[in-house]
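To be precise, the following lines are protein.cif, and they hold mmCIF, C-alpha atoms.
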```cif
data_data
#
loop_
_atom_site.group_PDB
_atom_site.id
_atom_site.type_symbol
_atom_site.label_atom_id
_atom_site.label_comp_id
_atom_site.auth_asym_id
_atom_site.auth_seq_id
_atom_site.Cartn_x
_atom_site.Cartn_y
_atom_site.Cartn_z
ATOM 1 C CA MET A 1168 100.205 -2.152 173.513
ATOM 2 C CA ARG A 1169 99.389 1.362 174.736
ATOM 3 C CA ILE A 1170 97.546 3.659 172.304
ATOM 4 C CA LYS A 1171 97.354 7.379 173.083
ATOM 5 C CA VAL A 1172 94.664 9.644 171.567
ATOM 6 C CA ARG A 1173 94.746 13.346 170.614
ATOM 7 C CA ASP A 1174 92.955 16.120 168.688
ATOM 8 C CA GLY A 1175 89.434 14.785 169.119
ATOM 9 C CA GLN A 1176 86.889 12.896 171.208
ATOM 10 C CA PHE A 1177 87.436 9.140 171.317
ATOM 11 C CA PHE A 1178 85.251 6.265 172.459
ATOM 12 C CA VAL A 1179 86.556 2.710 172.905
ATOM 13 C CA ASP A 1180 83.943 -0.044 173.090
ATOM 14 C CA GLY A 1181 81.407 2.686 173.826
ATOM 15 C CA TYR A 1182 83.311 4.345 176.690
ATOM 16 C CA PRO A 1183 84.997 7.788 176.422
ATOM 17 C CA VAL A 1184 88.791 7.835 176.492
ATOM 18 C CA LYS A 1185 90.687 11.028 177.358
ATOM 19 C CA ARG A 1186 94.338 9.983 177.082
ATOM 20 C CA GLU A 1187 94.984 6.359 176.137
ATOM 21 C CA PHE A 1188 93.747 2.786 176.060
ATOM 22 C CA SER A 1189 95.437 -0.601 175.896
ATOM 23 C CA LEU A 1190 95.281 -3.438 173.413
ATOM 24 C CA ALA A 1191 96.375 -6.956 174.346
ATOM 25 C CA GLU A 1192 97.641 -9.651 171.982
ATOM 26 C CA GLY A 1193 94.702 -11.129 170.047
ATOM 27 C CA GLU A 1194 92.296 -8.494 171.388
ATOM 28 C CA GLU A 1195 89.915 -6.433 169.224
ATOM 29 C CA ARG A 1196 88.645 -2.974 170.238
ATOM 30 C CA LYS A 1197 85.940 -0.820 168.593
ATOM 31 C CA VAL A 1198 87.027 2.836 168.341
ATOM 32 C CA ALA A 1199 84.830 5.811 167.398
ATOM 33 C CA TYR A 1200 86.101 9.391 167.092
ATOM 34 C CA ILE A 1201 84.845 12.917 166.486
ATOM 35 C CA GLY A 1202 87.334 15.470 165.145
ATOM 36 C CA ALA A 1203 87.091 19.104 164.065
ATOM 37 C CA ARG A 1204 86.351 18.128 160.435
ATOM 38 C CA SER A 1205 85.664 14.419 160.480
ATOM 39 C CA ALA A 1206 84.163 11.538 162.433
ATOM 40 C CA GLY A 1207 84.431 7.815 162.038
ATOM 41 C CA PHE A 1208 84.472 4.288 163.383
ATOM 42 C CA LEU A 1209 87.065 1.516 163.086
ATOM 43 C CA LEU A 1210 88.311 -1.731 164.554
ATOM 44 C CA PHE A 1211 91.744 -2.285 166.078
ATOM 45 C CA ARG A 1212 93.320 -5.665 166.739
ATOM 46 C CA LEU A 1213 96.762 -6.817 167.802
ATOM 47 C CA GLN A 1214 98.036 -9.857 165.911
ATOM 48 C CA GLU A 1215 101.496 -11.252 166.687
ATOM 49 C CA GLY A 1216 102.641 -7.822 167.846
ATOM 50 C CA ALA A 1217 101.378 -6.041 164.704
ATOM 51 C CA LEU A 1218 98.634 -3.417 164.982
ATOM 52 C CA GLU A 1219 95.880 -4.089 162.436
ATOM 53 C CA ARG A 1220 92.947 -1.795 161.731
ATOM 54 C CA GLU A 1221 89.809 -1.630 159.625
ATOM 55 C CA GLY A 1222 88.929 1.979 158.821
ATOM 56 C CA GLU A 1223 90.752 5.270 158.296
ATOM 57 C CA ILE A 1224 92.457 7.231 161.059
ATOM 58 C CA GLY A 1225 95.668 9.162 161.615
ATOM 59 C CA LEU A 1226 98.310 6.895 163.131
ATOM 60 C CA THR A 1227 101.867 7.395 164.385
ATOM 61 C CA ARG A 1228 103.800 4.341 165.552
ATOM 62 C CA TRP A 1229 105.984 4.609 168.665
ATOM 63 C CA ARG A 1230 107.885 1.338 168.425
ATOM 64 C CA GLU A 1231 105.730 -1.126 170.438
ATOM 65 C CA ASN A 1232 103.080 1.570 171.157
ATOM 66 C CA ALA A 1233 101.018 3.968 169.006
ATOM 67 C CA GLU A 1234 99.193 7.292 168.836
ATOM 68 C CA ILE A 1235 95.941 7.964 166.949
ATOM 69 C CA TYR A 1236 94.177 11.156 165.856
ATOM 70 C CA PRO A 1237 91.448 12.185 163.367
ATOM 71 C CA PRO A 1238 92.612 11.887 159.735
ATOM 72 C CA ALA A 1239 93.526 14.828 157.507
ATOM 73 C CA ASP A 1240 90.963 16.937 155.664
ATOM 74 C CA PRO A 1241 88.982 15.089 152.963
ATOM 75 C CA GLU A 1242 90.246 15.504 149.410
ATOM 76 C CA ARG A 1243 88.768 18.314 147.303
ATOM 77 C CA PHE A 1244 89.140 19.273 143.626
ATOM 78 C CA LEU A 1245 90.980 22.570 143.065
ATOM 79 C CA SER A 1246 91.617 23.139 139.361
ATOM 80 C CA GLU A 1247 92.207 21.659 135.926
ATOM 81 C CA PHE A 1248 94.908 22.649 133.430
ATOM 82 C CA GLU A 1249 95.887 21.638 129.896
ATOM 83 C CA THR A 1250 99.224 19.973 129.030
ATOM 84 C CA VAL A 1251 100.625 18.718 125.731
ATOM 85 C CA LYS A 1252 99.518 15.220 126.760
ATOM 86 C CA GLY A 1253 96.015 16.263 127.795
ATOM 87 C CA LYS A 1254 94.167 17.591 130.815
ATOM 88 C CA CYS A 1255 95.447 17.268 134.353
ATOM 89 C CA ARG A 1256 93.480 17.865 137.561
ATOM 90 C CA LEU A 1257 94.752 19.085 140.920
ATOM 91 C CA PHE A 1258 93.349 17.847 144.259
ATOM 92 C CA LEU A 1259 94.198 18.794 147.845
ATOM 93 C CA GLY A 1260 93.502 16.929 151.085
ATOM 94 C CA GLY A 1261 95.976 15.198 153.332
ATOM 95 C CA GLU A 1262 98.027 14.883 150.137
ATOM 96 C CA ILE A 1263 98.543 16.915 146.960
ATOM 97 C CA CYS A 1264 97.335 14.801 144.038
ATOM 98 C CA LEU A 1265 97.605 15.139 140.260
ATOM 99 C CA ARG A 1266 95.387 12.962 138.075
ATOM 100 C CA GLY A 1267 94.828 12.741 134.347
ATOM 101 C CA ALA A 1268 97.595 13.137 131.784
ATOM 102 C CA TYR A 1269 100.114 12.974 134.638
ATOM 103 C CA SER A 1270 99.759 11.418 138.072
ATOM 104 C CA LEU A 1271 101.537 12.132 141.336
ATOM 105 C CA SER A 1272 100.633 12.252 145.025
ATOM 106 C CA TYR A 1273 102.625 13.375 148.051
ATOM 107 C CA GLU A 1274 102.075 14.816 151.528
ATOM 108 C CA PRO A 1275 103.092 18.509 151.655
ATOM 109 C CA LEU A 1276 105.487 19.918 154.254
ATOM 110 C CA ALA A 1277 102.522 21.376 156.167
ATOM 111 C CA PRO A 1278 98.696 21.454 155.887
ATOM 112 C CA LEU A 1279 97.754 23.966 153.174
ATOM 113 C CA CYS A 1280 94.789 26.344 153.128
ATOM 114 C CA SER A 1281 95.187 27.299 149.455
ATOM 115 C CA LEU A 1282 96.998 26.025 146.376
ATOM 116 C CA GLN A 1283 97.363 27.317 142.813
ATOM 117 C CA ALA A 1284 99.059 25.732 139.799
ATOM 118 C CA GLU A 1285 101.178 27.372 137.076
ATOM 119 C CA LEU A 1286 102.479 25.302 134.154
ATOM 120 C CA LEU A 1287 105.849 26.281 132.662
ATOM 121 C CA SER A 1288 107.175 25.222 129.266
ATOM 122 C CA GLY A 1289 110.615 25.364 127.645
ATOM 123 C CA GLN A 1290 112.152 22.516 129.666
ATOM 124 C CA ARG A 1291 112.784 18.909 128.657
ATOM 125 C CA SER A 1292 109.706 17.970 130.694
ATOM 126 C CA PRO A 1293 106.804 20.264 131.667
ATOM 127 C CA ILE A 1294 107.414 22.031 134.982
ATOM 128 C CA LEU A 1295 104.518 22.727 137.328
ATOM 129 C CA LEU A 1296 104.745 25.376 140.057
ATOM 130 C CA LEU A 1297 102.369 24.980 142.989
ATOM 131 C CA ARG A 1298 101.966 28.006 145.248
ATOM 132 C CA GLY A 1299 99.954 28.073 148.442
ATOM 133 C CA GLU A 1300 99.792 29.195 152.070
ATOM 134 C CA SER A 1301 100.061 27.428 155.413
ATOM 135 C CA LYS A 1302 99.454 29.193 158.732
ATOM 136 C CA GLY A 1303 100.850 32.534 157.563
ATOM 137 C CA GLU A 1304 103.736 31.035 155.568
ATOM 138 C CA LYS A 1305 104.094 30.821 151.809
ATOM 139 C CA TYR A 1306 104.440 27.443 150.129
ATOM 140 C CA LEU A 1307 106.133 26.542 146.848
ATOM 141 C CA SER A 1308 106.743 23.198 145.186
ATOM 142 C CA VAL A 1309 108.292 22.608 141.776
ATOM 143 C CA LEU A 1310 107.201 19.437 139.988
ATOM 144 C CA SER A 1311 108.613 17.723 136.909
ATOM 145 C CA LEU A 1312 105.809 16.118 134.873
ATOM 146 C CA GLU A 1313 106.726 12.889 133.108
ATOM 147 C CA ALA A 1314 104.548 9.947 132.130
ATOM 148 C CA GLY A 1315 104.879 7.434 134.948
ATOM 149 C CA ALA A 1316 107.797 9.340 136.500
ATOM 150 C CA SER A 1317 106.512 12.705 137.765
ATOM 151 C CA LYS A 1318 108.422 13.921 140.816
ATOM 152 C CA VAL A 1319 108.917 16.782 143.261
ATOM 153 C CA LEU A 1320 112.076 18.757 142.410
ATOM 154 C CA LEU A 1321 111.822 21.272 145.254
ATOM 155 C CA GLU A 1322 109.426 21.947 148.117
ATOM 156 C CA VAL A 1323 109.814 24.904 150.498
ATOM 157 C CA LEU A 1324 107.987 26.953 153.149
ATOM 158 C CA GLY A 1325 108.886 30.480 154.241
ATOM 159 C CA GLU A 1326 107.736 33.940 155.178
ATOM 160 C CA ASN A 1327 109.241 35.080 151.878
ATOM 161 C CA ILE A 1328 109.912 33.071 148.701
ATOM 162 C CA GLU A 1329 111.531 34.940 145.815
ATOM 163 C CA THR A 1330 112.033 33.474 142.333
ATOM 164 C CA VAL A 1331 114.447 35.310 140.011
ATOM 165 C CA GLY A 1332 115.687 33.622 136.863
ATOM 166 C CA ASN A 1333 116.964 30.162 137.768
ATOM 167 C CA GLU A 1334 117.283 30.958 141.497
ATOM 168 C CA ILE A 1335 114.823 30.592 144.367
ATOM 169 C CA THR A 1336 115.542 32.315 147.694
ATOM 170 C CA VAL A 1337 113.618 31.293 150.804
ATOM 171 C CA VAL A 1338 113.565 33.164 154.109
ATOM 172 C CA ARG A 1339 111.977 31.337 157.023
ATOM 173 C CA ARG A 1340 111.618 32.163 160.718
ATOM 174 C CA LEU A 1341 111.595 28.965 162.743
ATOM 175 C CA SER A 1342 109.542 28.587 165.912
ATOM 176 C CA ASP A 1343 112.411 26.806 167.661
ATOM 177 C CA LEU A 1344 114.230 27.610 170.899
ATOM 178 C CA ARG A 1345 116.830 29.754 169.108
ATOM 179 C CA LYS A 1346 114.187 31.595 167.041
ATOM 180 C CA ARG A 1347 116.278 31.109 163.914
ATOM 181 C CA ARG A 1348 116.012 33.101 160.720
ATOM 182 C CA VAL A 1349 117.162 30.799 157.916
ATOM 183 C CA THR A 1350 117.931 32.034 154.393
ATOM 184 C CA SER A 1351 118.440 29.392 151.708
ATOM 185 C CA ARG A 1352 119.157 29.841 148.011
ATOM 186 C CA TYR A 1353 118.476 27.125 145.417
ATOM 187 C CA THR A 1354 119.806 27.186 141.836
ATOM 188 C CA TRP A 1355 118.296 25.265 138.926
ATOM 189 C CA ARG A 1356 120.951 23.154 137.173
ATOM 190 C CA GLY A 1357 118.870 21.919 134.252
ATOM 191 C CA ALA A 1358 117.649 18.698 135.877
ATOM 192 C CA THR A 1359 117.755 19.333 139.643
ATOM 193 C CA PHE A 1360 117.944 22.146 142.198
ATOM 194 C CA GLU A 1361 121.179 22.647 144.081
ATOM 195 C CA LYS A 1362 121.308 24.433 147.426
ATOM 196 C CA THR A 1363 123.973 27.080 146.811
ATOM 197 C CA SER A 1364 123.661 29.115 150.024
ATOM 198 C CA HIS A 1365 122.395 28.464 153.538
ATOM 199 C CA ILE A 1366 122.620 30.998 156.390
ATOM 200 C CA CYS A 1367 121.306 30.456 159.945
ATOM 201 C CA GLU A 1368 120.880 33.440 162.279
ATOM 202 C CA CYS A 1369 119.996 32.665 165.913
ATOM 203 C CA THR A 1370 118.083 35.638 167.289
ATOM 204 C CA TYR A 1371 117.845 34.158 170.814
ATOM 205 C CA ALA A 1372 121.248 33.265 172.283
ATOM 206 C CA HIS A 1373 120.231 32.799 175.926
ATOM 207 C CA PRO A 1374 121.776 29.675 177.572
ATOM 208 C CA PHE A 1375 119.516 26.679 178.197
ATOM 209 C CA ILE A 1376 119.443 23.971 180.840
ATOM 210 C CA ARG A 1377 120.653 20.417 180.140
ATOM 211 C CA GLU A 1378 117.079 19.127 179.750
ATOM 212 C CA ASP A 1379 116.782 21.282 176.583
ATOM 213 C CA ALA A 1380 120.049 20.092 175.006
ATOM 214 C CA GLY A 1381 118.498 17.238 173.031
ATOM 215 C CA ARG A 1382 115.841 19.472 171.527
ATOM 216 C CA LEU A 1383 118.451 22.115 170.703
ATOM 217 C CA LEU A 1384 120.472 19.413 168.956
ATOM 218 C CA LEU A 1385 117.571 18.170 166.839
ATOM 219 C CA GLU A 1386 116.537 21.739 165.986
ATOM 220 C CA ALA A 1387 120.094 22.435 164.821
ATOM 221 C CA VAL A 1388 120.055 19.260 162.691
ATOM 222 C CA LYS A 1389 116.750 20.255 161.077
ATOM 223 C CA ALA A 1390 117.981 23.815 160.438
ATOM 224 C CA LYS A 1391 121.408 22.552 159.193
ATOM 225 C CA ASP A 1392 123.076 24.834 161.753
ATOM 226 C CA ASP A 1393 126.691 23.604 161.907
ATOM 227 C CA GLU A 1394 127.785 26.244 164.422
ATOM 228 C CA GLU A 1395 125.157 25.249 166.983
ATOM 229 C CA LEU A 1396 125.968 21.554 166.530
ATOM 230 C CA ARG A 1397 129.619 22.193 167.349
ATOM 231 C CA ARG A 1398 128.586 24.031 170.535
ATOM 232 C CA LEU A 1399 126.429 21.130 171.692
ATOM 233 C CA LEU A 1400 128.455 18.070 170.708
ATOM 234 C CA SER A 1401 131.645 16.538 172.036
ATOM 235 C CA THR A 1402 134.828 16.995 169.997
ATOM 236 C CA GLU A 1403 134.500 13.462 168.593
ATOM 237 C CA PHE A 1404 130.999 14.128 167.235
ATOM 238 C CA ALA A 1405 131.709 17.704 166.138
ATOM 239 C CA LYS A 1406 134.612 16.759 163.872
ATOM 240 C CA ASP A 1407 132.266 14.754 161.608
ATOM 241 C CA LEU A 1408 128.969 16.623 161.314
ATOM 242 C CA GLU A 1409 128.071 14.859 158.074
ATOM 243 C CA THR A 1410 127.777 11.599 160.019
ATOM 244 C CA VAL A 1411 125.523 13.348 162.555
ATOM 245 C CA TYR A 1412 123.204 14.514 159.768
ATOM 246 C CA GLU A 1413 123.144 11.026 158.245
ATOM 247 C CA TYR A 1414 122.386 9.450 161.627
ATOM 248 C CA PHE A 1415 119.224 11.494 162.164
ATOM 249 C CA GLY A 1416 118.224 11.631 158.473
ATOM 250 C CA GLN A 1417 115.174 13.511 157.215
ATOM 251 C CA PHE A 1418 112.305 14.088 159.638
ATOM 252 C CA ASP A 1419 109.143 16.175 159.707
ATOM 253 C CA ARG A 1420 108.821 17.498 163.224
ATOM 254 C CA ILE A 1421 110.340 17.549 166.697
ATOM 255 C CA ARG A 1422 108.078 16.892 169.639
ATOM 256 C CA LYS A 1423 107.901 15.885 173.261
ATOM 257 C CA PRO A 1424 108.249 12.116 173.569
ATOM 258 C CA LEU A 1425 105.444 9.830 174.636
ATOM 259 C CA PHE A 1426 105.920 6.644 176.652
ATOM 260 C CA THR A 1427 109.029 7.841 178.556
ATOM 261 C CA SER A 1428 109.739 9.629 181.842
ATOM 262 C CA SER A 1429 113.254 10.843 180.977
ATOM 263 C CA GLU A 1430 113.702 14.605 181.340
ATOM 264 C CA THR A 1431 116.384 14.748 178.623
ATOM 265 C CA ALA A 1432 114.585 12.684 175.962
ATOM 266 C CA VAL A 1433 113.127 14.206 172.798
ATOM 267 C CA ALA A 1434 111.338 12.691 169.780
ATOM 268 C CA ILE A 1435 111.058 13.178 166.044
ATOM 269 C CA GLU A 1436 108.302 12.185 163.644
ATOM 270 C CA LYS A 1437 109.092 10.970 160.135
ATOM 271 C CA LYS A 1438 107.364 9.335 157.175
ATOM 272 C CA THR A 1439 108.265 5.801 156.165
ATOM 273 C CA SER A 1440 106.893 3.262 153.709
ATOM 274 C CA ASN A 1441 104.837 1.898 156.637
ATOM 275 C CA GLY A 1442 103.351 5.271 157.570
ATOM 276 C CA LYS A 1443 104.302 7.806 160.232
ATOM 277 C CA VAL A 1444 106.809 6.676 162.823
ATOM 278 C CA ALA A 1445 108.076 8.444 165.952
ATOM 279 C CA VAL A 1446 111.614 7.861 167.217
ATOM 280 C CA THR A 1447 112.725 8.815 170.733
ATOM 281 C CA TYR A 1448 116.296 9.936 171.478
ATOM 282 C CA ASP A 1449 118.074 10.347 174.786
ATOM 283 C CA PHE A 1450 121.559 11.600 175.616
ATOM 284 C CA SER A 1451 124.465 11.368 178.027
ATOM 285 C CA PHE A 1452 126.752 14.280 178.876
ATOM 286 C CA GLU A 1453 130.206 15.260 180.013
ATOM 287 C CA GLY A 1454 129.967 18.786 181.311
ATOM 288 C CA ASN A 1455 127.733 20.653 178.879
ATOM 289 C CA LYS A 1456 128.634 18.500 175.866
ATOM 290 C CA ILE A 1457 126.626 15.589 174.454
ATOM 291 C CA VAL A 1458 128.906 12.535 174.348
ATOM 292 C CA ASN A 1459 126.417 9.793 173.478
ATOM 293 C CA ILE A 1460 123.055 9.478 171.730
ATOM 294 C CA TYR A 1461 120.565 6.662 172.297
ATOM 295 C CA SER A 1462 117.722 5.862 169.902
ATOM 296 C CA SER A 1463 114.545 3.831 170.474
ATOM 297 C CA GLU A 1464 115.275 2.245 167.080
ATOM 298 C CA ASP A 1465 118.565 0.751 168.328
#
```

Just give me the structure of the file as structure tokens.
Amino acid sequence: MRIKVRDGQFFVDGYPVKREFSLAEGEERKVAYIGARSAGFLLFRLQEGALEREGEIGLTRWRENAEIYPPADPERFLSEFETVKGKCRLFLGGEICLRGAYSLSYEPLAPLCSLQAELLSGQRSPILLLRGESKGEKYLSVLSLEAGASKVLLEVLGENIETVGNEITVVRRLSDLRKRRVTSRYTWRGATFEKTSHICECTYAHPFIREDAGRLLLEAVKAKDDEELRRLLSTEFAKDLETVYEYFGQFDRIRKPLFTSSETAVAIEKKTSNGKVAVTYDFSFEGNKIVNIYSSED
């Protein structure tokens, strides 16, 4: 197994490692790291093809390989608020956590530098609004508080988030190749939010080379940009965009792939029940159209 390192200084069995180290079946390696906000020590071992570890560290799995990095910021207490069922406390670290009368934990869309809570009444269940900021963007999540069943109803990031009545409008500028400006409107239906409007504006229409086509495709999937997908895909794919969206599913970020030399490959990172996983995609073409998609999961 190859294990790449990033975002810190790493030492394996006492020796500095700049890019990666290997781990053989049955082997155990001692890994120390120093990050911007944390430092630590852990053990790695490979048992029957499964990567086992003792200690905390950020980990993304790349099929038979892996990538490690210093873990998220340590958890800190932010505030306490009163509900009809008692007090509830809000914590922020790598995850947003509620403890007390209601409990819930989830990883936000992006690392947050601030977070404030506002409790709303008048609904079947208490509604909690969480507002924060992340690298110049505004953050909003809407939570339904229920004993043993609290959940996230809506979570958004944008340069502008406007709440009027039962509607939330989000404007976001994406740092993708097309420099999209995406405007989405969500309407509260009494139990859930429904997306009632979604407009993508590409402010950079310059043509790209074939090596960028895969990234353009994944950026269009993430932005839900039907028009761009039809430009990139063959007629067979383009006539059923819903299947394209289902194929890629929900993912957190698009990135350059590790562990491949293909110039047309691109990767996504997504959360699973087993932690963060990276999936690499590659493509074949006829002319300028994508006619086949290959996944490292296949």

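Restricting the calculation to all atoms listed in the file, the smallest distance between Arg1422 of chain A and any of A:Ser1463, A:Thr1447, A:Ser1189, A:Ser1308 is found for A:Thr1447.
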
Exercise. Within 8 Å of Ile1328 of chain A, counting all atoms listed in the file, which residues qualify if same-chain residues fewer than 5 places away don't, as a list in words?
Worked result: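 The residues satisfying every condition are Lys1305, Tyr1306, Leu1307, Ile1335, Thr1336, Val1337 and Val1338 of chain A.
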
For this session: For the structure provided, state which residues fall under the PyMOL selection byres ((chain A and resi 1420) around 6), and present them as a PyMOL selection string.
Result: chain A and resi 1419+1421+1435-1436

Can I get the selected residues back with C-alpha atoms, as a short mmCIF file (atom, residue, chain, number, x, y, z; two decimals), keeping the file's coordinate frame?
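Writing the result to again_19.cif gives the following:
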```cif
data_model
loop_
_atom_site.label_atom_id
_atom_site.label_comp_id
_atom_site.auth_asym_id
_atom_site.auth_seq_id
_atom_site.Cartn_x
_atom_site.Cartn_y
_atom_site.Cartn_z
CA ASP A 1419 109.14 16.18 159.71
CA ILE A 1421 110.34 17.55 166.70
CA ILE A 1435 111.06 13.18 166.04
CA GLU A 1436 108.30 12.18 163.64
#
```

Could you produce a table of the residues of segment 1168-1273 of chain A lying within 10 Å of segment 1438-1446 of chain A, with the nearest pair of atoms per residue and their separation in Å rounded to one decimal, using only C-alpha atoms, ordered by chain and increasing residue number, as CSV?
```
residue,atom,partner,partner_atom,distance
A:Gly1225,CA,A:Lys1443,CA,8.8
A:Leu1226,CA,A:Lys1443,CA,6.7
A:Thr1227,CA,A:Lys1443,CA,4.8
A:Arg1228,CA,A:Val1444,CA,4.7
A:Trp1229,CA,A:Ala1445,CA,5.1
A:Arg1230,CA,A:Ala1445,CA,7.5
A:Asn1232,CA,A:Ala1445,CA,10.0
A:Ala1233,CA,A:Val1444,CA,8.9
A:Glu1234,CA,A:Ala1445,CA,9.4
```

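Among the candidate residues A:Val1198, A:Val1458, A:Ala1380, A:Ala1191, the one lying nearest to Glu1223 of chain A is A:Val1198, with distances computed using all atoms listed in the file.
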
For this session: Could you tell me which residues the PyMOL selection byres ((chain A and resi 1281-1297) around 6) returns for this structure, as a ChimeraX atom specification?
Result: /A:1279-1280,1298-1300,1307-1312

Problem set entry | Polymer residues at most 12 Å from (126.4, 22.3, 165.4) by only C-alpha atoms, as a ChimeraX atom specification | /A:1367,1380,1383-1402,1404-1409,1411-1412,1456-1457

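Shortest separation to Glu1334 of chain A among A:Gly1357, A:Gly1416, A:Pro1275, A:Gly1315 occurs at residue A:Gly1357, atoms counted being all atoms listed in the file.
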
Problem set entry | Output of the PyMOL selection byres ((chain A and resi 1264) around 12), listed as an NGL selection string | :A and (1242-1247 or 1255-1263 or 1265-1267 or 1269-1275 or 1282 or 1284 or 1297 or 1310 or 1317-1319)

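Nearest residue to Phe1426 of chain A, choosing from A:Glu1464, A:Glu1195, A:Glu1231, A:Glu1221 and counting only C-alpha atoms: A:Glu1231.
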
Problem set entry | Near-Tyr1371 of chain A list (6 Å; only C-alpha atoms; drop same-chain fewer than 2 positions) as a list in words |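 Using only C-alpha atoms, the neighbours found are Arg1345, Lys1346, Cys1369 and His1373 of chain A.
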
For this session: Might you pull out every residue within 8 Å of Ile1224 of chain A, with only C-alpha atoms counted and same-chain residues fewer than 3 positions away left off, and present them as JSON, numbers by chain?
Result: {"A": [1235, 1236, 1237, 1238]}

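One finds atom CA of Ser1451 of chain A at 11.7 Å from atom CA of Glu1430 of chain A.
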
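Atom CA of Glu1194 of chain A to atom CA of Phe1208 of chain A spans 17.0 Å [interatomic distance, one decimal].
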
Exercise. Skipping near chain neighbours, those fewer than 2 positions away, what residues fall within 12 Å of Tyr1200 of chain A using only C-alpha atoms, listed as a ChimeraX atom specification?
Worked result: /A:1172-1185,1197-1198,1202-1210,1222-1225,1235-1238

Can you take the partial segment 1229-1242 of chain A, add N, CA, C and O atoms, and return it as a tab-separated table (two decimals), in the frame of the given file?
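After the write, result-v9.tsv holds the following:
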```tsv
chain	number	residue	atom	x	y	z
A	1229	TRP	N	104.92	4.36	167.69
A	1229	TRP	CA	105.98	4.61	168.66
A	1229	TRP	C	106.55	3.26	169.09
A	1229	TRP	O	106.26	2.74	170.15
A	1230	ARG	N	107.32	2.66	168.20
A	1230	ARG	CA	107.88	1.34	168.42
A	1230	ARG	C	106.79	0.35	168.81
A	1230	ARG	O	105.95	0.01	168.00
A	1231	GLU	N	106.74	-0.13	170.07
A	1231	GLU	CA	105.73	-1.13	170.44
A	1231	GLU	C	104.40	-0.48	170.81
A	1231	GLU	O	103.43	-1.19	171.11
A	1232	ASN	N	104.31	0.86	170.83
A	1232	ASN	CA	103.08	1.57	171.16
A	1232	ASN	C	102.62	2.40	169.95
A	1232	ASN	O	103.21	2.33	168.88
A	1233	ALA	N	101.55	3.20	170.13
A	1233	ALA	CA	101.02	3.97	169.01
A	1233	ALA	C	100.26	5.19	169.51
A	1233	ALA	O	99.94	5.31	170.70
A	1234	GLU	N	99.96	6.08	168.58
A	1234	GLU	CA	99.19	7.29	168.84
A	1234	GLU	C	98.21	7.46	167.69
A	1234	GLU	O	98.57	7.27	166.53
A	1235	ILE	N	96.94	7.79	168.00
A	1235	ILE	CA	95.94	7.96	166.95
A	1235	ILE	C	95.30	9.35	167.06
A	1235	ILE	O	95.25	9.95	168.14
A	1236	TYR	N	94.78	9.83	165.94
A	1236	TYR	CA	94.18	11.16	165.86
A	1236	TYR	C	93.29	11.20	164.62
A	1236	TYR	O	93.46	10.39	163.68
A	1237	PRO	N	92.32	12.12	164.54
A	1237	PRO	CA	91.45	12.18	163.37
A	1237	PRO	C	92.26	12.38	162.10
A	1237	PRO	O	93.29	13.06	162.10
A	1238	PRO	N	91.85	11.77	160.98
A	1238	PRO	CA	92.61	11.89	159.74
A	1238	PRO	C	92.58	13.29	159.16
A	1238	PRO	O	91.82	14.16	159.62
A	1239	ALA	N	93.42	13.51	158.15
A	1239	ALA	CA	93.53	14.83	157.51
A	1239	ALA	C	92.23	15.19	156.80
A	1239	ALA	O	91.31	14.37	156.63
A	1240	ASP	N	92.15	16.45	156.36
A	1240	ASP	CA	90.96	16.94	155.66
A	1240	ASP	C	90.64	16.05	154.47
A	1240	ASP	O	91.54	15.55	153.79
A	1241	PRO	N	89.35	15.86	154.15
A	1241	PRO	CA	88.98	15.09	152.96
A	1241	PRO	C	89.46	15.78	151.69
A	1241	PRO	O	89.61	17.00	151.62
A	1242	GLU	N	89.73	14.98	150.69
A	1242	GLU	CA	90.25	15.50	149.41
A	1242	GLU	C	89.21	16.37	148.71
A	1242	GLU	O	88.01	16.06	148.71
```
